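Data block for protein.pdb (PDB, C-alpha atoms):
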```pdb
ATOM      1  CA  MET A 149       0.000   0.000   0.000
ATOM      2  CA  ARG A 150       2.820   2.385   0.936
ATOM      3  CA  GLU A 151       4.603   1.515  -2.337
ATOM      4  CA  MET A 152       1.438   2.371  -4.285
ATOM      5  CA  ARG A 153       1.224   5.706  -2.488
ATOM      6  CA  GLU A 154       4.874   6.437  -3.312
ATOM      7  CA  ILE A 155       4.283   5.603  -7.008
ATOM      8  CA  GLY A 156       1.243   7.939  -6.959
ATOM      9  CA  LYS A 157       3.304  10.698  -5.358
ATOM     10  CA  GLN A 158       6.111  10.262  -7.897
ATOM     11  CA  GLN A 159       3.616  10.462 -10.794
ATOM     12  CA  ALA A 160       2.097  13.623  -9.296
ATOM     13  CA  ARG A 161       5.593  15.138  -8.942
ATOM     14  CA  GLU A 162       6.484  14.358 -12.541
ATOM     15  CA  ALA A 163       3.143  15.691 -13.829
ATOM     16  CA  ALA A 164       3.517  18.951 -11.866
ATOM     17  CA  LEU A 165       7.003  19.583 -13.271
ATOM     18  CA  ALA A 166       6.499  18.194 -16.798
ATOM     19  CA  ASP A 167       5.049  21.398 -18.238
ATOM     20  CA  ARG A 168       7.956  23.783 -17.666
ATOM     21  CA  LEU A 169       6.055  26.982 -18.553
ATOM     22  CA  ARG A 170       3.082  26.136 -16.336
ATOM     23  CA  ALA A 171       5.337  25.081 -13.444
ATOM     24  CA  LYS A 172       7.160  28.413 -13.711
ATOM     25  CA  ALA A 173       3.850  30.335 -13.875
ATOM     26  CA  PHE A 174       2.729  28.740 -10.593
ATOM     27  CA  GLY A 175       6.137  28.837  -8.902
ATOM     28  CA  ILE A 176       6.582  25.044  -8.803
ATOM     29  CA  THR A 177      10.185  23.840  -8.472
ATOM     30  CA  PRO A 178      11.781  20.418  -7.770
ATOM     31  CA  GLU A 179      12.486  21.753  -4.256
ATOM     32  CA  ASN A 180       8.884  22.687  -3.357
ATOM     33  CA  VAL A 181       6.894  20.243  -5.524
ATOM     34  CA  ASP A 182       5.982  17.912  -2.614
ATOM     35  CA  GLU A 183       4.723  20.819  -0.520
ATOM     36  CA  VAL A 184       2.741  22.167  -3.515
ATOM     37  CA  ILE A 185       1.036  18.800  -4.134
ATOM     38  CA  GLU A 186       0.251  18.374  -0.429
ATOM     39  CA  ARG A 187      -1.337  21.816  -0.198
ATOM     40  CA  ARG A 188      -3.297  21.363  -3.403
ATOM     41  CA  SER A 189      -4.562  17.933  -2.266
ATOM     42  CA  HIS A 190      -5.889  19.391   1.017
ATOM     43  CA  LEU A 191      -7.570  22.242  -0.843
ATOM     44  CA  LEU A 192      -9.099  19.835  -3.362
ATOM     45  CA  LYS A 193     -10.714  17.818  -0.558
ATOM     46  CA  SER A 194     -12.195  20.889   1.125
ATOM     47  CA  VAL A 195     -13.439  22.477  -2.121
ATOM     48  CA  LEU A 196     -14.826  19.336  -3.770
ATOM     49  CA  PRO A 197     -18.382  19.270  -2.298
ATOM     50  CA  ALA A 198     -19.107  22.899  -3.273
ATOM     51  CA  PHE A 199     -17.338  22.451  -6.637
ATOM     52  CA  SER A 200     -19.419  19.351  -7.443
ATOM     53  CA  GLN A 201     -22.601  21.254  -6.667
ATOM     54  CA  LEU A 202     -21.492  24.198  -8.847
ATOM     55  CA  CYS A 203     -20.735  21.860 -11.777
ATOM     56  CA  GLN A 204     -24.122  20.170 -11.588
ATOM     57  CA  THR A 205     -26.341  23.177 -10.890
ATOM     58  CA  THR A 206     -24.617  26.050 -12.731
ATOM     59  CA  PHE A 207     -22.487  24.415 -15.441
ATOM     60  CA  GLN A 208     -24.778  21.381 -16.050
ATOM     61  CA  MET A 209     -21.701  19.172 -16.193
ATOM     62  CA  GLU A 210     -20.461  16.126 -14.336
ATOM     63  CA  PRO A 211     -17.776  17.213 -11.798
ATOM     64  CA  LYS A 212     -15.383  14.480 -13.022
ATOM     65  CA  GLU A 213     -15.301  16.178 -16.456
ATOM     66  CA  MET A 214     -13.796  19.278 -14.840
ATOM     67  CA  LEU A 215     -11.584  17.683 -12.167
ATOM     68  CA  GLN A 216      -8.403  17.767 -14.266
ATOM     69  CA  VAL A 217      -8.694  21.489 -15.045
ATOM     70  CA  LEU A 218      -9.534  22.118 -11.370
ATOM     71  CA  TRP A 219      -6.310  20.353 -10.342
ATOM     72  CA  ASP A 220      -4.020  21.683 -13.085
ATOM     73  CA  LEU A 221      -5.252  25.269 -13.347
ATOM     74  CA  TRP A 222      -7.914  26.611 -11.004
ATOM     75  CA  LEU A 223      -6.517  25.349  -7.669
ATOM     76  CA  PRO A 224      -2.939  26.597  -8.284
ATOM     77  CA  LEU A 225      -4.337  29.881  -9.624
ATOM     78  CA  GLY A 226      -6.505  30.314  -6.520
ATOM     79  CA  ILE A 227      -3.492  29.646  -4.280
ATOM     80  CA  LYS A 228      -1.419  32.162  -6.290
ATOM     81  CA  LEU A 229      -4.097  34.900  -5.960
ATOM     82  CA  ALA A 230      -4.399  34.268  -2.205
ATOM     83  CA  ALA A 231      -0.599  34.663  -1.863
ATOM     84  CA  GLN A 232      -0.687  37.910  -3.886
ATOM     85  CA  ARG A 233      -3.465  39.274  -1.654
ATOM     86  CA  GLN A 234      -1.421  38.337   1.416
ATOM     87  CA  GLN A 235       1.666  40.158   0.112
ATOM     88  CA  LEU A 236      -0.273  43.299  -0.869
ATOM     89  CA  GLY A 237      -1.835  43.828   2.537
ATOM     90  CA  ARG A 238      -4.876  45.397   0.859
ATOM     91  CA  PRO A 239      -7.564  44.153  -1.560
ATOM     92  CA  LEU A 240      -6.190  42.649  -4.784
ATOM     93  CA  ILE A 241      -7.671  43.860  -8.087
ATOM     94  CA  GLN A 242      -7.212  40.978 -10.526
ATOM     95  CA  GLY A 243      -7.961  41.763 -14.168
ATOM     96  CA  ILE A 244      -9.201  38.945 -16.431
ATOM     97  CA  LEU A 245      -9.196  39.668 -20.172
ATOM     98  CA  GLY A 246     -11.075  37.297 -22.453
ATOM     99  CA  GLY A 247     -13.420  37.439 -25.412
ATOM    100  CA  GLN A 248     -16.688  35.638 -26.105
ATOM    101  CA  GLY A 249     -16.644  31.989 -24.955
ATOM    102  CA  THR A 250     -13.187  31.998 -23.340
ATOM    103  CA  GLY A 251     -14.640  30.982 -19.963
ATOM    104  CA  LYS A 252     -14.190  34.215 -17.962
ATOM    105  CA  THR A 253     -17.445  33.740 -16.042
ATOM    106  CA  THR A 254     -16.789  30.050 -15.320
ATOM    107  CA  MET A 255     -13.277  30.794 -14.085
ATOM    108  CA  SER A 256     -14.485  33.673 -11.891
ATOM    109  CA  LYS A 257     -17.128  31.442 -10.269
ATOM    110  CA  VAL A 258     -14.664  28.614  -9.557
ATOM    111  CA  LEU A 259     -11.956  30.978  -8.274
ATOM    112  CA  SER A 260     -14.482  32.660  -5.936
ATOM    113  CA  LEU A 261     -15.332  29.253  -4.501
ATOM    114  CA  ILE A 262     -11.646  28.272  -4.024
ATOM    115  CA  LEU A 263     -10.734  31.634  -2.489
ATOM    116  CA  ASP A 264     -13.709  31.381  -0.141
ATOM    117  CA  GLN A 265     -12.294  28.057   1.101
ATOM    118  CA  LEU A 266      -8.961  29.824   1.653
ATOM    119  CA  GLY A 267     -10.726  32.494   3.719
ATOM    120  CA  TYR A 268     -10.820  35.353   1.190
ATOM    121  CA  ARG A 269     -13.929  37.334   0.318
ATOM    122  CA  THR A 270     -14.116  37.672  -3.481
ATOM    123  CA  VAL A 271     -16.369  39.849  -5.624
ATOM    124  CA  SER A 272     -16.739  39.561  -9.409
ATOM    125  CA  LEU A 273     -17.042  42.782 -11.386
ATOM    126  CA  SER A 274     -17.600  42.727 -15.129
ATOM    127  CA  LEU A 275     -16.814  45.518 -17.569
ATOM    128  CA  ASP A 276     -20.503  45.016 -18.500
ATOM    129  CA  ASP A 277     -21.484  46.209 -14.997
ATOM    130  CA  LEU A 278     -19.981  49.604 -15.879
ATOM    131  CA  TYR A 279     -22.177  50.306 -18.911
ATOM    132  CA  LYS A 280     -23.698  53.757 -19.161
ATOM    133  CA  THR A 281     -27.430  53.859 -18.417
ATOM    134  CA  TYR A 282     -29.932  53.100 -21.179
ATOM    135  CA  SER A 283     -30.851  56.793 -21.509
ATOM    136  CA  ASP A 284     -27.173  57.862 -21.651
ATOM    137  CA  ARG A 285     -26.497  55.295 -24.370
ATOM    138  CA  LEU A 286     -29.487  56.572 -26.390
ATOM    139  CA  LEU A 287     -27.888  60.021 -26.307
ATOM    140  CA  LEU A 288     -24.538  58.477 -27.239
ATOM    141  CA  THR A 289     -26.061  56.782 -30.307
ATOM    142  CA  GLN A 290     -27.488  60.137 -31.415
ATOM    143  CA  LEU A 291     -24.002  61.671 -31.121
ATOM    144  CA  ASP A 292     -22.310  58.688 -32.787
ATOM    145  CA  PRO A 293     -24.739  56.472 -34.797
ATOM    146  CA  ARG A 294     -21.940  53.909 -35.282
ATOM    147  CA  LEU A 295     -22.317  52.806 -31.633
ATOM    148  CA  ILE A 296     -25.292  50.588 -32.489
ATOM    149  CA  TRP A 297     -24.463  48.015 -29.796
ATOM    150  CA  ARG A 298     -23.252  48.368 -26.259
ATOM    151  CA  GLY A 299     -19.750  47.022 -25.735
ATOM    152  CA  PRO A 300     -17.105  49.087 -27.554
ATOM    153  CA  PRO A 301     -15.005  51.778 -25.854
ATOM    154  CA  GLY A 302     -17.182  54.791 -25.073
ATOM    155  CA  THR A 303     -20.246  52.838 -23.899
ATOM    156  CA  HIS A 304     -18.986  52.508 -20.291
ATOM    157  CA  ASP A 305     -18.968  54.846 -17.291
ATOM    158  CA  VAL A 306     -15.237  54.811 -16.500
ATOM    159  CA  ASP A 307     -15.669  57.130 -13.479
ATOM    160  CA  LEU A 308     -18.119  54.653 -11.941
ATOM    161  CA  GLY A 309     -15.472  51.916 -12.245
ATOM    162  CA  LEU A 310     -12.746  54.114 -10.769
ATOM    163  CA  ASN A 311     -14.975  55.078  -7.869
ATOM    164  CA  VAL A 312     -15.821  51.440  -7.016
ATOM    165  CA  LEU A 313     -12.251  50.124  -7.339
ATOM    166  CA  ASP A 314     -10.830  53.017  -5.287
ATOM    167  CA  GLN A 315     -13.351  52.446  -2.486
ATOM    168  CA  ILE A 316     -12.364  48.760  -2.397
ATOM    169  CA  ARG A 317      -8.616  49.511  -2.502
ATOM    170  CA  GLN A 318      -9.071  51.979   0.367
ATOM    171  CA  LEU A 319     -10.711  49.224   2.480
ATOM    172  CA  GLN A 320     -14.094  50.956   2.585
ATOM    173  CA  SER A 321     -16.971  48.696   3.654
ATOM    174  CA  PRO A 322     -19.696  48.208   2.601
ATOM    175  CA  VAL A 323     -19.239  49.016  -1.092
ATOM    176  CA  MET A 324     -22.124  49.318  -3.564
ATOM    177  CA  VAL A 325     -20.999  47.240  -6.561
ATOM    178  CA  PRO A 326     -22.823  48.229  -9.789
ATOM    179  CA  ARG A 327     -24.813  45.580 -11.660
ATOM    180  CA  PHE A 328     -26.278  45.549 -15.168
ATOM    181  CA  ASP A 329     -29.426  43.816 -16.444
ATOM    182  CA  LYS A 330     -28.869  42.828 -20.097
ATOM    183  CA  SER A 331     -32.519  41.881 -20.581
ATOM    184  CA  ALA A 332     -33.935  45.355 -19.769
ATOM    185  CA  PHE A 333     -35.456  47.448 -22.589
ATOM    186  CA  GLY A 334     -35.854  44.481 -24.920
ATOM    187  CA  GLY A 335     -32.215  43.408 -24.634
ATOM    188  CA  ALA A 336     -30.702  46.909 -24.824
ATOM    189  CA  GLY A 337     -29.972  46.579 -21.093
ATOM    190  CA  ASP A 338     -29.844  49.021 -18.194
ATOM    191  CA  ARG A 339     -28.405  49.436 -14.726
ATOM    192  CA  THR A 340     -30.104  47.466 -12.005
ATOM    193  CA  THR A 341     -29.924  47.481  -8.192
ATOM    194  CA  PRO A 342     -26.275  47.576  -7.049
ATOM    195  CA  GLU A 343     -24.996  44.770  -4.829
ATOM    196  CA  MET A 344     -23.912  45.737  -1.321
ATOM    197  CA  VAL A 345     -20.674  43.886  -0.497
ATOM    198  CA  THR A 346     -18.622  44.010   2.700
ATOM    199  CA  ASN A 347     -14.979  43.258   3.557
ATOM    200  CA  ILE A 348     -13.768  42.575   0.013
ATOM    201  CA  ASP A 349     -10.359  40.877  -0.265
ATOM    202  CA  ILE A 350     -10.131  40.172  -3.989
ATOM    203  CA  VAL A 351     -11.868  41.684  -7.031
ATOM    204  CA  LEU A 352     -12.061  39.569 -10.190
ATOM    205  CA  PHE A 353     -12.531  42.305 -12.795
ATOM    206  CA  GLU A 354     -13.309  40.665 -16.138
ATOM    207  CA  GLY A 355     -14.243  41.803 -19.614
ATOM    208  CA  TRP A 356     -13.568  41.506 -23.324
ATOM    209  CA  PHE A 357     -11.086  44.400 -23.368
ATOM    210  CA  VAL A 358     -10.013  44.738 -19.706
ATOM    211  CA  GLY A 359      -6.388  45.927 -19.764
ATOM    212  CA  VAL A 360      -6.296  46.563 -23.534
ATOM    213  CA  ARG A 361      -4.097  49.518 -24.536
ATOM    214  CA  PRO A 362      -4.293  51.910 -27.507
ATOM    215  CA  ILE A 363      -2.014  51.009 -30.429
ATOM    216  CA  ASP A 364      -0.266  52.988 -33.195
ATOM    217  CA  PRO A 365      -3.078  54.371 -35.462
ATOM    218  CA  ASP A 366      -0.939  53.716 -38.585
ATOM    219  CA  VAL A 367      -1.588  49.983 -38.078
ATOM    220  CA  PHE A 368      -5.152  50.482 -39.373
ATOM    221  CA  ASP A 369      -3.846  51.365 -42.849
ATOM    222  CA  THR A 370      -3.252  47.632 -43.422
ATOM    223  CA  ALA A 371      -5.780  46.156 -40.952
ATOM    224  CA  PRO A 372      -7.142  42.597 -41.284
ATOM    225  CA  LEU A 373     -10.743  41.747 -42.221
ATOM    226  CA  PRO A 374     -13.456  42.759 -41.431
ATOM    227  CA  ILE A 375     -11.819  46.241 -41.356
ATOM    228  CA  LEU A 376     -12.278  46.799 -45.075
ATOM    229  CA  THR A 377     -13.561  50.262 -45.991
ATOM    230  CA  ASP A 378     -12.408  53.793 -45.157
ATOM    231  CA  GLU A 379     -15.415  54.001 -42.795
ATOM    232  CA  ASP A 380     -14.266  50.808 -41.035
ATOM    233  CA  ARG A 381     -10.764  52.219 -40.609
ATOM    234  CA  ALA A 382     -12.123  55.521 -39.259
ATOM    235  CA  PHE A 383     -14.297  53.601 -36.750
ATOM    236  CA  ALA A 384     -11.341  51.428 -35.666
ATOM    237  CA  ARG A 385      -9.150  54.520 -35.188
ATOM    238  CA  ASP A 386     -11.841  56.271 -33.118
ATOM    239  CA  MET A 387     -12.328  53.197 -30.891
ATOM    240  CA  ASN A 388      -8.551  52.970 -30.472
ATOM    241  CA  HIS A 389      -8.458  56.624 -29.432
ATOM    242  CA  ARG A 390     -11.265  56.092 -26.906
ATOM    243  CA  LEU A 391      -9.182  53.419 -25.165
ATOM    244  CA  HIS A 392      -7.127  56.288 -23.678
ATOM    245  CA  ASP A 393     -10.130  57.052 -21.426
ATOM    246  CA  TYR A 394      -9.861  53.545 -19.906
ATOM    247  CA  LEU A 395      -6.160  53.709 -18.982
ATOM    248  CA  PRO A 396      -6.833  55.115 -15.456
ATOM    249  CA  LEU A 397      -9.064  52.067 -14.870
ATOM    250  CA  TRP A 398      -6.345  49.646 -16.009
ATOM    251  CA  GLU A 399      -3.877  51.421 -13.690
ATOM    252  CA  ARG A 400      -5.971  50.128 -10.759
ATOM    253  CA  LEU A 401      -5.238  46.511 -11.761
ATOM    254  CA  ASP A 402      -2.632  44.750  -9.630
ATOM    255  CA  SER A 403      -2.353  41.903 -12.112
ATOM    256  CA  LEU A 404      -3.777  40.889 -15.508
ATOM    257  CA  ILE A 405      -4.595  37.379 -16.744
ATOM    258  CA  VAL A 406      -5.390  36.881 -20.448
ATOM    259  CA  LEU A 407      -7.614  34.003 -21.599
ATOM    260  CA  TYR A 408      -6.178  33.739 -25.096
ATOM    261  CA  PRO A 409      -7.814  31.703 -27.879
ATOM    262  CA  THR A 410      -5.149  30.067 -30.064
ATOM    263  CA  ASP A 411      -7.322  31.261 -32.988
ATOM    264  CA  TYR A 412      -9.384  34.417 -32.383
ATOM    265  CA  ARG A 413     -11.975  33.251 -34.949
ATOM    266  CA  CYS A 414     -13.084  30.581 -32.446
ATOM    267  CA  SER A 415     -15.171  33.238 -30.697
ATOM    268  CA  LEU A 416     -17.469  33.374 -33.738
ATOM    269  CA  GLU A 417     -18.075  29.605 -33.586
ATOM    270  CA  TRP A 418     -18.480  29.701 -29.795
ATOM    271  CA  ARG A 419     -21.073  32.451 -30.138
ATOM    272  CA  LYS A 420     -22.990  30.389 -32.700
ATOM    273  CA  GLN A 421     -22.917  27.348 -30.373
ATOM    274  CA  ALA A 422     -24.167  29.448 -27.432
ATOM    275  CA  GLU A 423     -27.037  30.907 -29.478
ATOM    276  CA  GLN A 424     -28.001  27.449 -30.810
ATOM    277  CA  GLN A 425     -28.118  26.116 -27.230
ATOM    278  CA  MET A 426     -30.355  29.034 -26.212
ATOM    279  CA  ILE A 427     -32.718  28.377 -29.141
ATOM    280  CA  ALA A 428     -32.769  24.627 -28.318
ATOM    281  CA  ALA A 429     -33.734  25.543 -24.730
ATOM    282  CA  GLY A 430     -36.729  27.516 -26.042
ATOM    283  CA  LYS A 431     -35.178  30.981 -25.617
ATOM    284  CA  SER A 432     -34.802  33.541 -28.377
ATOM    285  CA  GLY A 433     -31.434  33.640 -30.107
ATOM    286  CA  MET A 434     -29.722  35.206 -33.117
ATOM    287  CA  SER A 435     -29.452  33.586 -36.545
ATOM    288  CA  ASN A 436     -25.966  32.750 -37.876
ATOM    289  CA  ALA A 437     -26.079  35.804 -40.189
ATOM    290  CA  GLU A 438     -26.978  38.074 -37.245
ATOM    291  CA  ILE A 439     -24.184  36.562 -35.130
ATOM    292  CA  GLU A 440     -21.634  37.191 -37.880
ATOM    293  CA  GLN A 441     -22.782  40.804 -38.186
ATOM    294  CA  PHE A 442     -22.555  41.182 -34.383
ATOM    295  CA  VAL A 443     -19.083  39.600 -33.998
ATOM    296  CA  ASN A 444     -17.687  41.474 -37.023
ATOM    297  CA  TYR A 445     -18.842  44.724 -35.416
ATOM    298  CA  PHE A 446     -16.680  43.998 -32.346
ATOM    299  CA  TRP A 447     -13.738  42.901 -34.495
ATOM    300  CA  ARG A 448     -14.005  46.203 -36.347
ATOM    301  CA  SER A 449     -13.927  48.125 -33.072
ATOM    302  CA  LEU A 450     -11.002  46.299 -31.377
ATOM    303  CA  HIS A 451      -9.562  43.599 -33.624
ATOM    304  CA  PRO A 452      -8.014  40.705 -31.602
ATOM    305  CA  GLU A 453      -5.065  40.377 -34.016
ATOM    306  CA  LEU A 454      -4.185  44.049 -33.562
ATOM    307  CA  PHE A 455      -4.879  44.484 -29.842
ATOM    308  CA  ILE A 456      -4.707  41.116 -28.032
ATOM    309  CA  LYS A 457      -1.932  39.336 -29.951
ATOM    310  CA  PRO A 458       0.750  41.987 -29.166
ATOM    311  CA  LEU A 459      -0.538  42.344 -25.588
ATOM    312  CA  VAL A 460       0.105  38.692 -24.630
ATOM    313  CA  LYS A 461       3.752  39.171 -25.595
ATOM    314  CA  ASP A 462       4.097  42.181 -23.272
ATOM    315  CA  ALA A 463       5.228  40.881 -19.892
ATOM    316  CA  THR A 464       5.223  44.439 -18.492
ATOM    317  CA  VAL A 465       1.414  44.490 -18.776
ATOM    318  CA  VAL A 466       0.279  40.847 -18.672
ATOM    319  CA  ASP A 467       1.084  38.622 -15.684
ATOM    320  CA  MET A 468      -0.315  35.335 -16.997
ATOM    321  CA  VAL A 469      -1.563  33.957 -20.321
ATOM    322  CA  ILE A 470      -3.906  30.952 -20.433
ATOM    323  CA  GLU A 471      -4.331  29.613 -23.964
ATOM    324  CA  ILE A 472      -7.777  28.319 -24.987
ATOM    325  CA  HIS A 473      -8.216  25.711 -27.750
ATOM    326  CA  ALA A 474     -11.161  25.524 -30.171
ATOM    327  CA  ASP A 475     -12.803  22.802 -28.013
ATOM    328  CA  HIS A 476     -12.610  25.128 -24.940
ATOM    329  CA  SER A 477      -9.797  23.043 -23.386
ATOM    330  CA  PHE A 478      -6.792  24.840 -21.887
ATOM    331  CA  GLY A 479      -3.465  24.944 -23.677
ATOM    332  CA  GLU A 480      -0.250  26.477 -22.431
ATOM    333  CA  VAL A 481      -0.170  28.579 -19.274
ATOM    334  CA  TYR A 482       2.739  30.970 -19.009
ATOM    335  CA  CYS A 483       3.941  34.179 -17.394
ATOM    336  CA  ASP A 484       6.706  35.403 -19.650
ATOM    337  CA  ARG A 485       7.193  33.090 -22.592
ATOM    338  CA  ALA A 486       9.960  35.181 -24.172
ATOM    339  CA  ASN A 487      12.258  34.718 -21.172
ATOM    340  CA  SER A 488      11.388  31.104 -20.434
TER     341      SER A 488
END
```
Could the structure of this file be written out as structure tokens, please?
Amino acid sequence: MREMREIGKQQAREAALADRLRAKAFGITPENVDEVIERRSHLLKSVLPAFSQLCQTTFQMEPKEMLQVLWDLWLPLGIKLAAQRQQLGRPLIQGILGGQGTGKTTMSKVLSLILDQLGYRTVSLSLDDLYKTYSDRLLLTQLDPRLIWRGPPGTHDVDLGLNVLDQIRQLQSPVMVPRFDKSAFGGAGDRTTPEMVTNIDIVLFEGWFVGVRPIDPDVFDTAPLPILTDEDRAFARDMNHRLHDYLPLWERLDSLIVLYPTDYRCSLEWRKQAEQQMIAAGKSGMSNAEIEQFVNYFWRSLHPELFIKPLVKDATVVDMVIEIHADHSFGEVYCDRANS
């Protein structure tokens, strides 16, 4: 029996160190690997009942289907965030950048559960929660008819975000965290009752362009599809310029994780799958043509090839990259690939 346990331990050691980039990202070395596995095993046991319930009720999945990603990614990431919070001595603002279907919401829910087990109070804040009110966005559309959908730079209340993050950083309690109801006004969406939260330790601040910086406007002269016409290029340049307004918000981030699809075009397929599932469940959803129009609109405003691809190579801005494959599985996890 003891021999079996030793074989199991040795396999766990080898597995933890096999992926060099991931081991480096989570601070795993041959010297501390036993301690890391021991700690993770204890955490797994304590988190498993709540995790199993979350899988079945929220994700509609069997827990065993997600156990490997829990062990390899979410548990070590939760432990890393708890350590960062400990070192800071004040609430940690963790940015999570990811487009449609990259799993931002799933990851935020699982991390909240893990961090709760570790004794840290976590609140999720989405860039969506910072949208301008319905009436303000109506005025915005009159000023700029190109802003037909909420989402691009300019449709958010940056001051609202700054106010909330600063209150949390300054240890104020309670804090009124803004919330947004996407179903209001026939899907146009509007602010809803804020959530009163006390004693926040960690903020998981996620969104499709959280942490994204403006780029050189000359790049748009030879931009990829669907930036095709002079009007498209003018729109892309204006959206790029509006990113400057968001920089004070990104300055509040202590760390930034990027959920990075190995092919940005996956988000179009993921969106189609999500809409088909909604239609199959009896809800209203967009047709494939409508989805393509919708996704192309966002690619015209902040194209992933132009904004996200260079960002993941910038270790001064991004603290961790988690690659996402077309089947939603996780690929490489790294901190600074260039110097690995």
List as a VMD selection string the protein and nucleic acid residues near A:Leu397, meaning an atom at most 6 Å away when all atoms listed in the file are counted, but skip any in the same chain fewer than 3 places from it. chain A and resid 310 394 400
A:Thr464 environment, 12 Å, only C-alpha atoms, sequence neighbours closer than 2 positions dropped, as a PyMOL selection string: chain A and resi 359+402-404+458-462+466-468+483-484+486
With C-alpha atoms retained, write the just-selected residues as an mmCIF file, keeping the file's coordinate frame.
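again-v8.cif written:
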```cif
data_model
loop_
_atom_site.group_PDB
_atom_site.id
_atom_site.type_symbol
_atom_site.label_atom_id
_atom_site.label_comp_id
_atom_site.auth_asym_id
_atom_site.auth_seq_id
_atom_site.Cartn_x
_atom_site.Cartn_y
_atom_site.Cartn_z
ATOM 1 C CA GLY A 359 -6.388 45.927 -19.764
ATOM 2 C CA ASP A 402 -2.632 44.750 -9.630
ATOM 3 C CA SER A 403 -2.353 41.903 -12.112
ATOM 4 C CA LEU A 404 -3.777 40.889 -15.508
ATOM 5 C CA PRO A 458 0.750 41.987 -29.166
ATOM 6 C CA LEU A 459 -0.538 42.344 -25.588
ATOM 7 C CA VAL A 460 0.105 38.692 -24.630
ATOM 8 C CA LYS A 461 3.752 39.171 -25.595
ATOM 9 C CA ASP A 462 4.097 42.181 -23.272
ATOM 10 C CA VAL A 466 0.279 40.847 -18.672
ATOM 11 C CA ASP A 467 1.084 38.622 -15.684
ATOM 12 C CA MET A 468 -0.315 35.335 -16.997
ATOM 13 C CA CYS A 483 3.941 34.179 -17.394
ATOM 14 C CA ASP A 484 6.706 35.403 -19.650
ATOM 15 C CA ALA A 486 9.960 35.181 -24.172
#
```
For A:Met214, which residue out of A:Leu202, A:Leu263, A:Ile296, A:Val443 is the nearest one, using only C-alpha atoms? A:Leu202
Compare A:Ile427, A:Leu308, A:Val345, A:Leu245 by their minimum atom-to-atom distance to A:Leu407, counting all atoms listed in the file, and give me the closest one. A:Leu245
Do you know which residues the PyMOL selection byres ((chain A and resi 285) around 12) returns on this file, as a list in words? Tyr279, Lys280, Thr281, Tyr282, Ser283, Asp284, Leu286, Leu287, Leu288, Thr289, Gln290, Leu291, Asp292, Pro293, Arg294, Leu295, Ile296, Trp297, Arg298, Gly299, Pro300, Gly302, Thr303, His304, Asp305, Ala336, Gly337, Asp338 and Arg339 of chain A
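Of the listed residues (A:Met255, A:Gln424, A:Ile456, A:Leu319), A:Met255 comes nearest to A:Leu221; the distances count all atoms listed in the file.
Residue nearest A:Gln232 within the list A:Val271, A:Met387, A:Val465, A:Ile350: A:Ile350 [criterion: smallest interatomic distance, only C-alpha atoms].
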Please enumerate the residues selected by the PyMOL selection byres ((chain A and resi 242) around 7) when evaluated against the supplied file, formatted as a short mmCIF file (atom, residue, chain, number, x, y, z; two decimals) with C-alpha atoms, in the coordinates of the input.
```cif
data_model
loop_
_atom_site.label_atom_id
_atom_site.label_comp_id
_atom_site.auth_asym_id
_atom_site.auth_seq_id
_atom_site.Cartn_x
_atom_site.Cartn_y
_atom_site.Cartn_z
CA LEU A 240 -6.19 42.65 -4.78
CA ILE A 241 -7.67 43.86 -8.09
CA GLY A 243 -7.96 41.76 -14.17
CA ILE A 244 -9.20 38.94 -16.43
CA VAL A 351 -11.87 41.68 -7.03
CA LEU A 352 -12.06 39.57 -10.19
CA PHE A 353 -12.53 42.30 -12.80
CA LEU A 401 -5.24 46.51 -11.76
CA ASP A 402 -2.63 44.75 -9.63
CA SER A 403 -2.35 41.90 -12.11
CA LEU A 404 -3.78 40.89 -15.51
#
```
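What the PyMOL selection byres ((chain A and resi 170-172) around 10) matches in the given file is A:Ala163, A:Ala164, A:Leu165, A:Ala166, A:Asp167, A:Arg168, A:Leu169, A:Ala173, A:Phe174, A:Gly175, A:Ile176, A:Thr177, A:Pro178, A:Val181, A:Asp220, A:Leu221, A:Pro224, A:Met468, A:Val469, A:Ile470, A:Gly479, A:Glu480, A:Val481, A:Tyr482, A:Cys483, A:Asp484, A:Ser488.
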Interatomic distance between atom CA of A:Asn388 and atom CA of A:Pro362? 5.3 Å
Among A:Phe207, A:Tyr268, A:Phe199, A:Phe455, A:Ile363 is approached most closely, using all atoms listed in the file, by A:Phe455
Rounded to one decimal place, report the atom CA of A:Ser477-atom CA of A:Glu213 distance in Å. 11.2 Å
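A distance cut-off of 10 Å around (-11.8, 50.7, -38.1), counting all atoms listed in the file, selects these protein and nucleic acid residues: Pro365, Phe368, Asp369, Ala371, Pro372, Leu373, Pro374, Ile375, Leu376, Thr377, Asp378, Glu379, Asp380, Arg381, Ala382, Phe383, Ala384, Arg385, Asp386, Met387, Asn388, Tyr445, Trp447, Arg448, Ser449, Leu450 and His451 of chain A.
In this structure, atom CA of A:Lys330 sits 17.2 Å away from atom CA of A:Gly247.
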